[in-house]
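In what follows, a structure is listed as structure tokens, so that the remarks can point back to it.
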Amino acid sequence: MFASLLAFLRTGRLPSASATEDISDLSAEAEFYGIDPRLLFPSSTSSSSLSLQRSLLLPLSGRDPVAVLSASPYGELLAAHGSKISSFNFSLLRRKTFLTSLPAVDSLLSLHHLSLAAAGAADFPGLQIFDLSSGTLRKTLNWRAHPSDPSATVQAICSADERQLLFSSYESGRRNASAILAFDLGSGGDLVPVSEFARHEIYGAELDSAIPATKLKWVPSFNLLMTAGSHWGPSGVVGDIRLWDIRIGGESSQVFDLKEKDDCFADATVSDELSAMFKVGASSGDMFMADLRKLGAGNPWFRLGGGRWNGENSAGKKEGRGCRIESRGRQVFCSRGGDVEVWSEVAMAAAPEFEEKVMRKNLMGREKDMGGARILQMVFGGNRMALARSGESCVEVWENSDHS
């Protein structure tokens with residue numbers, strides 16, 4: 001209706017009753033009147049994520065399967081497939097694809113407010129910054145452990161929009177050093193490095209002393225950056241989760257360090273709204289939560305739905321391998337194979353003594369939506385969730401049932 005009224009004001013006549021009215025009509029009319037069409041649609045939703053249903057598949061050019069995704073708060077999507085990046089506008093009806101110099105894109109981040117994209121590879125040096133409007137390379141951000149070393153590869157990236165910072169986790173080409181750099185997003189597009197922290201180098205046989213961070217997540221209300229990195233070896237999985245107060249600067253900005261060995265995380269995330277960290281155990285496959293306000297010297301984890309994990313009968317198991325978790329609002333999502341389960345906080349008069357927050361699990365989607373190839377990544381933007389599945393050359397989009 002709104003699109004029809006705008007069309008009438010512009011042309012002086014009502015559109016044909018047979019004309020298709022969809023989001024593209026509204027977008028075109030809004031652009032004619034100089035309105036950013038994204039402002040006509042919410043950047044987030046208060047409705048339950050359980051109402052999300054599989055709605056469409058976005059095909060990608062070429063034969064390369066989708067590897068990594070990124071979404072803006074308005075639902076614009078970026079998808080990396082092979083050495084290419086495809087961008088979809090918020091209506092998902094316009095696609096642009098451009099070629100990068102990376103052999104394969106492993107890390108991807110939408111810098112939507114700057115119309116830029118950051119991309120990196122685990123086996124190719126430098127963090128590359130692309131102009132989304134033209135698909136051209138604007139700048140490459142490098143780090144070297146020592147001046148004579150080759151440029152380091154990128155393991156993870158994230159941003160703190162309200163502080164105008166871009167974070168990138170690097171690992172040296174010799175795999176004996178790692179660090180995280182913060183770049184200024186407000187420096188006129190120059191992306192000047194403003195700090196370096198979490199620098200580690202391997203000394204002697206201490207192979208676990210320089211595990212690079214493979215996941216970064218900003219926690220706005222705490223002004224903290226969560227970093228997580230793990231290593232799969234013959235003896236199992238080891239890793240660490242750290243929290244950094246970047247206002248302090250340097251190595252002294254580390255405010256929490258958790259070494260993981262027994263049931264180390266297969267993946268980890270943090271929820272600003274729930275003031276908690278979450279992990280899925282690599283051995284047990286269970287979901288765990290730790291309260292950010294009560295971190296101490298002891299084991300901070302308690303298992304969702306059943307007390308603290310004691311490690312019994314888990315030797316050699318890999319129940320959590322391949323699982324991915326992400327948080328959105330007051331919910332946490334965990335992929336298991338081809339399905340997604342969502343953990344939601346439940347309001348109760350009195351919680352069980354072993355749980356400080358009561359979280360309950362549900363499987364997402366209708367019966368016909370469940371199953372499929374293994375999920376590699378979940379991203380959220382606007383009123384939608386996008387999935388990357390192993391071996392598939394398309395992006396799977398889930399939307400609220402009343403918008404699909």
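Residues in the structure tokens are numbered from 1 in each chain, the chains being A, B, ... in the order shown, and ligands are numbered from 1 in the order shown.
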
Based on the backbone DSSP call, show me all residues of region 60-264 of chain A assigned strand (DSSP E or B), as JSON, numbers by chain.
{"A": [66, 67, 68, 69, 70, 71, 77, 78, 79, 80, 81, 84, 85, 86, 87, 88, 95, 96, 97, 98, 99, 107, 108, 109, 110, 111, 116, 117, 118, 119, 120, 121, 124, 125, 126, 127, 128, 129, 130, 131, 136, 137, 138, 139, 140, 141, 153, 154, 155, 156, 157, 158, 159, 160, 165, 166, 167, 168, 169, 170, 171, 177, 178, 179, 180, 181, 182, 183, 184, 192, 193, 194, 195, 196, 197, 198, 199, 200, 201, 215, 216, 217, 218, 219, 224, 225, 226, 227, 228, 229, 230, 231, 232, 233, 236, 237, 238, 239, 240, 241, 242, 243, 244, 254, 255, 256, 257, 258, 259, 260]}

Quick one: everything within 10 Å of Arg144 (chain A), counting only C-alpha atoms, minus sequence neighbours fewer than 4 positions away in the same chain. Send it as a PDB file with N, CA and C atoms, in the first residue's frame.
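Okay, this is what ended up in part-v2.pdb:
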```pdb
ATOM      1  N   PRO A 125      48.728 -13.699   3.112  1.00  0.00           N
ATOM      2  CA  PRO A 125      49.007 -12.584   4.029  1.00  0.00           C
ATOM      3  C   PRO A 125      48.098 -11.376   3.835  1.00  0.00           C
ATOM      4  N   GLY A 126      47.832 -10.699   4.950  1.00  0.00           N
ATOM      5  CA  GLY A 126      47.179  -9.406   4.911  1.00  0.00           C
ATOM      6  C   GLY A 126      45.664  -9.442   5.018  1.00  0.00           C
ATOM      7  N   SER A 148      61.834  -8.584   9.635  1.00  0.00           N
ATOM      8  CA  SER A 148      62.325  -9.455   8.565  1.00  0.00           C
ATOM      9  C   SER A 148      61.343 -10.559   8.206  1.00  0.00           C
ATOM     10  N   ASP A 149      60.270 -10.725   9.001  1.00  0.00           N
ATOM     11  CA  ASP A 149      59.302 -11.795   8.755  1.00  0.00           C
ATOM     12  C   ASP A 149      58.359 -11.425   7.618  1.00  0.00           C
ATOM     13  N   PRO A 150      57.816 -12.443   6.934  1.00  0.00           N
ATOM     14  CA  PRO A 150      56.766 -12.160   5.948  1.00  0.00           C
ATOM     15  C   PRO A 150      55.495 -11.697   6.649  1.00  0.00           C
ATOM     16  N   SER A 151      54.616 -11.069   5.893  1.00  0.00           N
ATOM     17  CA  SER A 151      53.365 -10.583   6.468  1.00  0.00           C
ATOM     18  C   SER A 151      52.523 -11.745   6.981  1.00  0.00           C
ATOM     19  N   ALA A 152      51.785 -11.502   8.062  1.00  0.00           N
ATOM     20  CA  ALA A 152      51.022 -12.551   8.731  1.00  0.00           C
ATOM     21  C   ALA A 152      49.671 -12.778   8.058  1.00  0.00           C
ATOM     22  N   THR A 153      49.100 -13.959   8.309  1.00  0.00           N
ATOM     23  CA  THR A 153      47.778 -14.302   7.785  1.00  0.00           C
ATOM     24  C   THR A 153      46.703 -13.899   8.786  1.00  0.00           C
ATOM     25  N   TYR A 170      45.956 -11.957  13.854  1.00  0.00           N
ATOM     26  CA  TYR A 170      46.979 -12.386  12.900  1.00  0.00           C
ATOM     27  C   TYR A 170      47.787 -13.559  13.456  1.00  0.00           C
ATOM     28  N   GLU A 171      48.260 -14.390  12.529  1.00  0.00           N
ATOM     29  CA  GLU A 171      49.240 -15.431  12.862  1.00  0.00           C
ATOM     30  C   GLU A 171      50.392 -15.319  11.873  1.00  0.00           C
ATOM     31  N   SER A 172      51.616 -15.363  12.380  1.00  0.00           N
ATOM     32  CA  SER A 172      52.781 -15.197  11.509  1.00  0.00           C
ATOM     33  C   SER A 172      52.866 -16.324  10.489  1.00  0.00           C
ATOM     34  N   GLY A 173      53.522 -16.043   9.365  1.00  0.00           N
ATOM     35  CA  GLY A 173      53.664 -17.033   8.315  1.00  0.00           C
ATOM     36  C   GLY A 173      54.384 -18.284   8.778  1.00  0.00           C
ATOM     37  N   ALA A 177      54.066 -17.061  16.015  1.00  0.00           N
ATOM     38  CA  ALA A 177      53.704 -15.833  16.713  1.00  0.00           C
ATOM     39  C   ALA A 177      52.302 -15.416  16.291  1.00  0.00           C
ATOM     40  N   SER A 178      51.629 -14.696  17.175  1.00  0.00           N
ATOM     41  CA  SER A 178      50.283 -14.209  16.879  1.00  0.00           C
ATOM     42  C   SER A 178      50.039 -12.909  17.632  1.00  0.00           C
ATOM     43  N   ALA A 179      49.074 -12.137  17.155  1.00  0.00           N
ATOM     44  CA  ALA A 179      48.733 -10.867  17.803  1.00  0.00           C
ATOM     45  C   ALA A 179      47.398 -10.392  17.274  1.00  0.00           C
TER      46      ALA A 179
END
```

May I ask for the distance between CA of Cys394 (chain A) and CA of Arg95 (chain A), given in Å to one decimal place?
12.4 Å

Hey, which bits of region 222-265 of chain A sit within 10 Å of region 269-286 of chain A, and for each residue what's the closest pair of atoms and how far apart in Å (one decimal), counting only C-alpha atoms, rows by chain and increasing number, as a tab-separated table?
```
residue	atom	partner	partner_atom	distance
A:Phe222	CA	A:Asp272	CA	7.8
A:Leu224	CA	A:Asp272	CA	9.9
A:Leu225	CA	A:Val270	CA	9.6
A:Met226	CA	A:Val270	CA	7.4
A:Thr227	CA	A:Thr269	CA	9.0
A:Ala228	CA	A:Thr269	CA	8.5
A:Trp232	CA	A:Ala282	CA	9.8
A:Gly236	CA	A:Ser283	CA	8.8
A:Val237	CA	A:Ala282	CA	7.5
A:Val238	CA	A:Ala282	CA	9.8
A:Ile241	CA	A:Met277	CA	9.7
A:Lys261	CA	A:Ala282	CA	9.9
A:Asp262	CA	A:Ser283	CA	8.2
A:Asp263	CA	A:Ser283	CA	5.1
A:Cys264	CA	A:Gly281	CA	5.7
A:Phe265	CA	A:Gly281	CA	4.6
```

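By chain and then residue number, the residues within 9 Å of Leu108 (chain A) are Val68, Leu69, Ser70, Leu78, Ala79, Ala80, Ala117, Ala118, Ala119, Gly120, Ala156, Ile157 and Cys158 of chain A, counting only C-alpha atoms and disregarding those fewer than 4 positions away in sequence.
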
Keeping only all heavy atoms, take the residues you just selected and write them out as an mmCIF file, in the first residue's frame.
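Result file is selection_17.cif:
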```cif
data_model
loop_
_atom_site.group_PDB
_atom_site.id
_atom_site.type_symbol
_atom_site.label_atom_id
_atom_site.label_comp_id
_atom_site.auth_asym_id
_atom_site.auth_seq_id
_atom_site.Cartn_x
_atom_site.Cartn_y
_atom_site.Cartn_z
ATOM 1 N N VAL A 68 32.017 -18.518 3.978
ATOM 2 C CA VAL A 68 31.851 -17.644 5.136
ATOM 3 C C VAL A 68 30.861 -16.539 4.779
ATOM 4 O O VAL A 68 30.765 -16.125 3.623
ATOM 5 C CB VAL A 68 33.214 -17.070 5.581
ATOM 6 C CG1 VAL A 68 33.837 -16.221 4.495
ATOM 7 C CG2 VAL A 68 33.084 -16.281 6.870
ATOM 8 N N LEU A 69 30.104 -16.085 5.802
ATOM 9 C CA LEU A 69 29.080 -15.061 5.615
ATOM 10 C C LEU A 69 29.319 -13.897 6.565
ATOM 11 O O LEU A 69 29.997 -14.032 7.580
ATOM 12 C CB LEU A 69 27.680 -15.627 5.892
ATOM 13 C CG LEU A 69 27.208 -16.837 5.096
ATOM 14 C CD1 LEU A 69 25.888 -17.348 5.658
ATOM 15 C CD2 LEU A 69 27.061 -16.486 3.630
ATOM 16 N N SER A 70 28.694 -12.762 6.243
ATOM 17 C CA SER A 70 28.638 -11.627 7.158
ATOM 18 C C SER A 70 27.354 -10.873 6.867
ATOM 19 O O SER A 70 26.899 -10.822 5.719
ATOM 20 C CB SER A 70 29.847 -10.707 6.980
ATOM 21 O OG SER A 70 29.797 -9.626 7.895
ATOM 22 N N LEU A 78 26.852 -10.505 2.949
ATOM 23 C CA LEU A 78 28.047 -10.788 2.166
ATOM 24 C C LEU A 78 28.296 -12.286 2.240
ATOM 25 O O LEU A 78 28.153 -12.893 3.303
ATOM 26 C CB LEU A 78 29.266 -10.043 2.716
ATOM 27 C CG LEU A 78 29.261 -8.516 2.676
ATOM 28 C CD1 LEU A 78 30.549 -7.985 3.305
ATOM 29 C CD2 LEU A 78 29.118 -8.010 1.254
ATOM 30 N N ALA A 79 28.685 -12.864 1.107
ATOM 31 C CA ALA A 79 28.991 -14.296 1.053
ATOM 32 C C ALA A 79 30.282 -14.503 0.293
ATOM 33 O O ALA A 79 30.441 -14.001 -0.826
ATOM 34 C CB ALA A 79 27.853 -15.065 0.384
ATOM 35 N N ALA A 80 31.216 -15.215 0.908
ATOM 36 C CA ALA A 80 32.483 -15.537 0.244
ATOM 37 C C ALA A 80 32.402 -16.958 -0.283
ATOM 38 O O ALA A 80 32.018 -17.874 0.434
ATOM 39 C CB ALA A 80 33.649 -15.388 1.216
ATOM 40 N N ALA A 117 34.091 -3.819 2.918
ATOM 41 C CA ALA A 117 34.141 -5.197 3.399
ATOM 42 C C ALA A 117 35.579 -5.538 3.724
ATOM 43 O O ALA A 117 36.500 -5.143 2.992
ATOM 44 C CB ALA A 117 33.585 -6.161 2.353
ATOM 45 N N ALA A 118 35.777 -6.246 4.833
ATOM 46 C CA ALA A 118 37.115 -6.717 5.215
ATOM 47 C C ALA A 118 37.166 -8.226 4.997
ATOM 48 O O ALA A 118 36.241 -8.943 5.381
ATOM 49 C CB ALA A 118 37.402 -6.378 6.669
ATOM 50 N N ALA A 119 38.242 -8.697 4.368
ATOM 51 C CA ALA A 119 38.368 -10.119 4.057
ATOM 52 C C ALA A 119 39.799 -10.569 4.276
ATOM 53 O O ALA A 119 40.750 -9.829 4.017
ATOM 54 C CB ALA A 119 37.947 -10.397 2.607
ATOM 55 N N GLY A 120 39.943 -11.801 4.750
ATOM 56 C CA GLY A 120 41.270 -12.361 4.976
ATOM 57 C C GLY A 120 41.260 -13.854 4.727
ATOM 58 O O GLY A 120 40.198 -14.485 4.606
ATOM 59 N N ALA A 156 40.824 -14.081 12.208
ATOM 60 C CA ALA A 156 39.483 -13.650 12.595
ATOM 61 C C ALA A 156 39.422 -12.131 12.556
ATOM 62 O O ALA A 156 40.444 -11.453 12.706
ATOM 63 C CB ALA A 156 39.125 -14.158 13.991
ATOM 64 N N ILE A 157 38.205 -11.590 12.368
ATOM 65 C CA ILE A 157 38.004 -10.144 12.369
ATOM 66 C C ILE A 157 36.654 -9.823 13.005
ATOM 67 O O ILE A 157 35.727 -10.626 12.968
ATOM 68 C CB ILE A 157 38.051 -9.538 10.938
ATOM 69 C CG1 ILE A 157 37.251 -10.395 9.953
ATOM 70 C CG2 ILE A 157 39.448 -9.348 10.461
ATOM 71 C CD1 ILE A 157 37.281 -9.887 8.529
ATOM 72 N N CYS A 158 36.558 -8.640 13.610
ATOM 73 C CA CYS A 158 35.286 -8.128 14.107
ATOM 74 C C CYS A 158 35.430 -6.629 14.281
ATOM 75 O O CYS A 158 36.538 -6.075 14.150
ATOM 76 C CB CYS A 158 34.852 -8.813 15.408
ATOM 77 S SG CYS A 158 35.548 -8.114 16.916
#
```

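Nearest residue to Arg163 (chain A), choosing from A:Ile180, A:Ala145, A:Gly233, A:Ile246 and counting only C-alpha atoms: A:Ile246.
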
Using only C-alpha atoms, pick whichever of A:Ser221, A:Ser327, A:Ser390, A:Ser344 has the shortest atom-to-atom distance to Arg293 (chain A).
A:Ser221

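Summary of the local environment: counting only C-alpha atoms, residues at most 12 Å from Asp245 (chain A), other than itself and those fewer than 4 positions away along its chain, are A:Ser195, A:Phe197, A:Ala198, A:Trp218, A:Val219, A:Pro220, A:Ser221, A:Phe222, A:Asn223, A:Leu224, A:Leu225, A:Met226, A:Thr227, A:Gly249, A:Gly250, A:Glu251, A:Ser252, A:Ser253, A:Gln254, A:Val255, A:Phe256.
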
I need the residues from that last selection saved to file as a JSON list (two decimals), in the first residue's frame (with N, CA and C atoms), if you can.
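Writing done, so here's out.json:
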```
[["chain", "number", "residue", "atom", "x", "y", "z"],
["A", 195, "SER", "N", 46.44, 0.19, 18.15],
["A", 195, "SER", "CA", 47.00, -0.60, 19.26],
["A", 195, "SER", "C", 47.26, -2.02, 18.82],
["A", 197, "PHE", "N", 47.82, -5.88, 20.80],
["A", 197, "PHE", "CA", 47.76, -6.60, 22.07],
["A", 197, "PHE", "C", 47.63, -8.09, 21.78],
["A", 198, "ALA", "N", 47.58, -8.89, 22.84],
["A", 198, "ALA", "CA", 47.48, -10.36, 22.74],
["A", 198, "ALA", "C", 48.62, -10.94, 21.89],
["A", 218, "TRP", "N", 32.87, -8.49, 20.12],
["A", 218, "TRP", "CA", 32.85, -7.28, 20.92],
["A", 218, "TRP", "C", 31.64, -7.30, 21.85],
["A", 219, "VAL", "N", 31.86, -6.85, 23.12],
["A", 219, "VAL", "CA", 30.80, -6.81, 24.12],
["A", 219, "VAL", "C", 30.61, -5.34, 24.50],
["A", 220, "PRO", "N", 29.65, -4.64, 23.89],
["A", 220, "PRO", "CA", 29.56, -3.17, 24.03],
["A", 220, "PRO", "C", 29.38, -2.69, 25.45],
["A", 221, "SER", "N", 28.42, -3.25, 26.22],
["A", 221, "SER", "CA", 28.13, -2.68, 27.54],
["A", 221, "SER", "C", 29.25, -2.90, 28.53],
["A", 222, "PHE", "N", 30.13, -3.86, 28.27],
["A", 222, "PHE", "CA", 31.26, -4.09, 29.17],
["A", 222, "PHE", "C", 32.55, -3.47, 28.62],
["A", 223, "ASN", "N", 32.51, -2.95, 27.38],
["A", 223, "ASN", "CA", 33.72, -2.43, 26.73],
["A", 223, "ASN", "C", 34.83, -3.46, 26.70],
["A", 224, "LEU", "N", 34.45, -4.69, 26.38],
["A", 224, "LEU", "CA", 35.40, -5.80, 26.36],
["A", 224, "LEU", "C", 35.41, -6.47, 24.98],
["A", 225, "LEU", "N", 36.56, -7.01, 24.64],
["A", 225, "LEU", "CA", 36.69, -7.84, 23.45],
["A", 225, "LEU", "C", 36.96, -9.27, 23.90],
["A", 226, "MET", "N", 36.10, -10.20, 23.46],
["A", 226, "MET", "CA", 36.34, -11.62, 23.75],
["A", 226, "MET", "C", 37.15, -12.22, 22.60],
["A", 227, "THR", "N", 38.22, -12.94, 22.97],
["A", 227, "THR", "CA", 39.01, -13.65, 21.97],
["A", 227, "THR", "C", 39.08, -15.12, 22.36],
["A", 249, "GLY", "N", 44.81, -0.54, 26.88],
["A", 249, "GLY", "CA", 45.87, -0.59, 25.88],
["A", 249, "GLY", "C", 47.00, -1.52, 26.27],
["A", 250, "GLY", "N", 47.60, -2.15, 25.24],
["A", 250, "GLY", "CA", 48.75, -3.03, 25.47],
["A", 250, "GLY", "C", 48.35, -4.33, 26.15],
["A", 251, "GLU", "N", 49.37, -5.07, 26.60],
["A", 251, "GLU", "CA", 49.13, -6.37, 27.22],
["A", 251, "GLU", "C", 48.43, -6.26, 28.57],
["A", 252, "SER", "N", 48.53, -5.10, 29.21],
["A", 252, "SER", "CA", 47.86, -4.91, 30.50],
["A", 252, "SER", "C", 46.35, -4.83, 30.36],
["A", 253, "SER", "N", 45.83, -4.80, 29.12],
["A", 253, "SER", "CA", 44.38, -4.71, 28.91],
["A", 253, "SER", "C", 43.69, -6.05, 29.13],
["A", 254, "GLN", "N", 44.44, -7.12, 29.31],
["A", 254, "GLN", "CA", 43.82, -8.43, 29.56],
["A", 254, "GLN", "C", 43.22, -8.45, 30.97],
["A", 255, "VAL", "N", 41.91, -8.73, 31.05],
["A", 255, "VAL", "CA", 41.25, -8.74, 32.35],
["A", 255, "VAL", "C", 40.80, -10.14, 32.75],
["A", 256, "PHE", "N", 40.85, -11.10, 31.83],
["A", 256, "PHE", "CA", 40.45, -12.47, 32.17],
["A", 256, "PHE", "C", 41.12, -13.42, 31.20]]
```

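Proximity ranking of A:Ser83, A:Ser55, A:Gln164, A:Gln128 relative to Ala104 (chain A) places A:Ser83 first, based on only C-alpha atoms.
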
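Considering only C-alpha atoms, the residue among A:Ala268, A:Trp398, A:Ser393, A:Asn176 positioned nearest to Ser61 (chain A) is A:Ser393.
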
Give me, as JSON, numbers by chain, all polymer residues having an atom no more than 12 Å from Arg389 (chain A), counting only C-alpha atoms and skipping those fewer than 2 positions away in the same chain.
{"A": [57, 65, 66, 67, 68, 69, 79, 81, 322, 324, 335, 336, 337, 338, 339, 340, 371, 372, 373, 374, 375, 376, 377, 378, 386, 387, 391, 392, 393, 394, 395, 396, 397]}
